Every structure is written in C-alpha cells, then in structure tokens.
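S.K.: My questions all concern the structure below.
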Amino acid sequence: MTNLNDIISTFSSEDQQRFIAYLDKKNKRSDAKNIQLFNYLLNNELSSNEICLKLYGNLKKDAYHALRKRLYQSIIDFIANNSLQEENSIDMQIIKYILASKSFLQHKQYRVAYKVLDKAEVLAIEHYLFPLLNEIYHTKIQYAYTNPSISITELITKFEANQKNHQLEDQLNIVYAKIKQTLNNISYKGGIVDFQTVLNQTLQEHNISINESMSFKSLYQLATIASISAFVTKDYLQIEPFLINTYNIIITHKNKEKQLFYHIEIIYLIANTLFRNKKFDTSFHYLKLMHKHMLLKQKKYYNTYRLKYNLLTALNYNYSNKQKDAIAVLEPLTSSKHPDTESLLDIYLSLIMFYFQKNDLKKAFTLFSKFYHTDQWYTEKAGKEWVIKKNLIEILLHIDLKNIDLVESRLLSFKRHYYSYLKGINQQRVITYLGFVESYYKTPEMVTSAKFRNTVQQSFDWIDIHKEDIFVISFYSWLKGKMNNQDLYTTTLDLINKSQQELTNS
C-alpha cells in the first residue's frame, strides 16, 4: 500500500491549505470524503481501520482503498501542477522561441527566424541550458546557408563547445551516481572500499576535472562528491576551501532561485563541513543563510530540511558551550514524525550524547531505550558508522550507570559483530579505544595512574588535534575525563578549544 502519510508529511502548511482548496474545487459531489481522509492522514493519529470506521461507520475496505487511490492520484496531480506553475518560465520561453523560429524558417522568413534564435541563445547561455542550446545551434547550422553574414565555422565551434559542456554534465551525473552507490556500500551494507581510489579512478575514467566551468546542478553534485569523500576520510579541512569557492561560483548563477533545492543543499554541506572543522561561528552564519532560503517559495523546502537544520544548529550550540540551547532545540523534535528517518535517528543519538555529557544519565538511558530495532534495521536506515556510534555510547552509558552485567554482554556483542569490519576499514584505533574502556570498567582505579596515561599515549596513531574528527574527540573525552577525574563536558570543551587554537596557529 502506498504510504500516503510519508508523502503528506512533506507538505508545508501552505501546501496543505492549497491542496485542501484544490480538492474542494475538484470535488463535484458534496459527500466526497477525500478532504476528511487527507486530514486524518495529516494528523497521523489513527490506524487505517480506525480511519475507515470514522469515514464509513463500518469497515468498507474496498471503498476505503478506492478512496486512498483517488487521493493518491489527486496528490500526484497537485504536485505536478504546482511544479509546472513554479517551473522557471525561461525554459518555456526558449522552447517557444525555437518553435517559432522553425516556423519562420519553413516559411522562408530567415531574418526574423535568426533574430528569434539569437534571443533564445542568449537566454540558454545565461541559464546553462545545454540541451536547449544544442537544439538552437543545430537549427542555426542547418539553415546557415540562408544567411551569408553568418560564420558557419563560428557556429560549429559554439556547437562543439556546448556539446562538451552537455557531455560533462551527463558524465558528472554518472560519476555522482557511482560515488553515491559506493558510499551506500560502505555505510549501509558494511562494504570495505578504498573510497579515495574509487573517487579518483571514477573522475579519471570520465575525464572530469574539478576546475571546469559547470552548471548549477553539476557544481552541486561535485560539492556533494567532495563531501562524501570527507565523510569517508574524515578530512573535512581539505574540502572546506573547495566547497566555499564552489558556492561563490554558484551564487553568481542566474538560475540559482530556480534550483532552490540544490542551493539549500550546498549551503547545508558548507555549514556541516565548518561544524566538523570546529568553526562554529562561521557554521552558524551559513545556517542562517540556509534558514533564509528555506523560507523562500512559500517555504517549499522548509519541511524537507527542518530536521537537518535544527540538528546542525544544536550540534553547533553544544560544542560552543551552549548545551542548554542545544537540548532545547532537539527535545521537541523527538516527538516528530518525518520521512527523513536518518535525520531523526541522528537527533535521538545527538540528544543522548548531550544528556550524557551533561551527566544526566537517567534521561540519556530513557531516550536510548527507545532504540528497540535490531542493528541490521538501523544499519539500513542510518548506516554502519551510526550503529557503531550507538553501540559505543551504550557501552559507556552502562559503565557510568554501573550496569555491570549489561556492560559485559555489550562488549562481547560489539567485538563479535564489528571488530573484523573495523579492521577491514583500517579503524584499529576504535578497537584500541574500546580496549582501554574495558580496562577502566574492570579496574577503574588504575585509569588515573601515570602508567595507564603513558600506555594510552603510546597506543594510538595520533594526528594533530585540529585535524581530528569532532566526534572522535567526543569519545576520547570520556576516557580522558576518567584519567583526569574531570567532568565529561568540560573535558570535551577543553579539547575542542585546544583544537581551535591549533587550527588558528596552523
């Protein structure tokens, strides 16, 4: 059965009102039940049987399913009509120019035809509409013999250059799809892949250079590929200049408002990269810009990005020593129903982390208990890395809660399920870290000794702290706090501040 609740949950409040008005206008019978069904699904509080009873007074399953099908079709029609209305008129205007010019050419009105084609060419160039440009040049070349003043050589040069741009856009789309599939194999299927090699090979295979001039969509896709690379390698510092430079190119595009979705997405990518690089003030700047664009076009994409925006805002607050604000942002979202399951799971795990850092272990454990699905289910929804973080937090939480029996079983389960995977992706330091966690759990008194500190110092393959991943720092802070008898949140902020100072001095 089509999950209408998920589709309807993407509607903004304005979309909801306009859709109800659309249904009301469309309805020819006064007893139509589609608006009632829409409202029940919108509230998302009743089961299918309960809705059926409210609509018909009994379980008329056939009538109910037929009504759902009609509502689904109405939603498709409504969304399609809106998209057509919102579609930038430039595309349609160029198509009209091309059709008109062909009519003029057939009637041997060559001079008028070429003037119209010139207008179409200017618009298509401004908006990076390579397929339409291809048709314009094709037509101009075809009838070049009718206009002695036209340089056919120049036209062919333009046509070939446009073909290269068009091909580049197509090739980059293929690369984007391949890279996303590779990430899926790494994150959601537990595959072991040398991502950087795959990225370089794929770009070379399709003859793509990141310095070439690209369309808005292509630049967005390239920025996404760079972000995926950073996600896998945890080297966000390397991609930060590229993302910001790419964005500065994007905002000069005249079709940026038409492609608002891509615009918001790349702002989010920049804000997230800056957060991962511990540049919280600058990340907040881009988050404000993101929110501004989320409000455009009658908040068309507001609900799409609401969870991501609030999660990243809260994370910036938390690591900027504004934990109260961070918790206040996320707590109301734990009761949200939203199709973006991955972001909802990130919100839950982040809020658990905030409670844990605050030493509010009871709240952290209560929220954690809501994770009742299997690890396989969470892997499919949020990825392998998320599941590993979840399990590590659970182990630390049980240690601090002194749930000794649970600690032992969770440690054994983690070793059995994830040690071979971690070795395969060259993340031996997670295994080393968990070994020290286990040492603390078994003999907590030894963790403050100089011998233990020296062992820790010599066991990890340390990198400069300003290059270290912010979430890795968060996990290490728990161990460092135990070694120094220091509060977890204070330890975390101290290490973050040290990282920021090193970044400034580097």
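Ordering of the structure tokens sets the chain letters (A, B, ...); residue numbers start at 1 within each chain; ligands are numbered from 1 in the order shown.
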List the spatial neighbours of stretch 489-500 of chain A as number ranges by chain - criterion: any atom at most 7 Å away, only C-alpha atoms, same-chain residues fewer than 3 positions off excluded.

M.R.: A: 278, 319, 357-358, 465-466, 474, 477, 481, 486, 503-504

S.K.: Go ahead and write the residues just picked, C-alpha atoms, as a short mmCIF file (atom, residue, chain, number, x, y, z; two decimals), in the first residue's frame.

M.R.:
data_model
loop_
_atom_site.label_atom_id
_atom_site.label_comp_id
_atom_site.auth_asym_id
_atom_site.auth_seq_id
_atom_site.Cartn_x
_atom_site.Cartn_y
_atom_site.Cartn_z
CA LYS A 278 35.08 23.25 14.70
CA TYR A 319 30.21 22.46 21.17
CA GLN A 357 27.86 14.97 28.53
CA LYS A 358 25.64 16.84 30.96
CA ILE A 465 44.05 17.59 17.19
CA HIS A 466 42.83 20.33 14.84
CA SER A 474 33.93 13.42 21.96
CA SER A 477 36.94 12.91 26.07
CA GLY A 481 37.91 12.65 31.76
CA GLN A 486 37.30 15.68 35.21
CA LEU A 503 43.79 25.43 13.79
CA THR A 504 44.27 29.19 14.21
#

S.K.: If we count only C-alpha atoms, what is near stretch 220-236 of chain A at a cut-off of 7 Å, once residues fewer than 6 positions away on the same chain are taken out, given as a list in words?

M.R.: Tyr176, Ile179, Gln196, Leu243, Tyr262, Ile266, Thr273, Arg276, Asn277 and Asp469 of chain A

S.K.: Where does DSSP see alpha helix (DSSP H) in stretch 37-143 of chain A, if you list the residues as a PyMOL selection string?

M.R.: chain A and resi 37-43+48-56+61-86+89-106+110-126+130-142

S.K.: In terms of the shortest atom-to-atom distance over only C-alpha atoms, which of A:Thr139, A:Ser218, A:Asn81, A:Asn391 is closest to A:Asp170?

M.R.: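 Nearest to A:Asp170: A:Ser218.
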
S.K.: Quick one: everything within 8 Å of A:Tyr348, counting only C-alpha atoms, minus sequence neighbours fewer than 4 positions away in the same chain. Send it as a PyMOL selection string.

M.R.: chain A and resi 334+344+352+367-368

S.K.: Using only C-alpha atoms for the distances, tell me which of A:Asp375, A:Gln204, A:Ile76, A:Asn49 is nearest to A:Ser413.

M.R.: A:Asp375

S.K.: Calculated over only C-alpha atoms, which of the candidates A:Gln73, A:Asn303, A:Gln323, A:Gln259 has the smallest distance to A:Thr10?

M.R.: A:Asn303
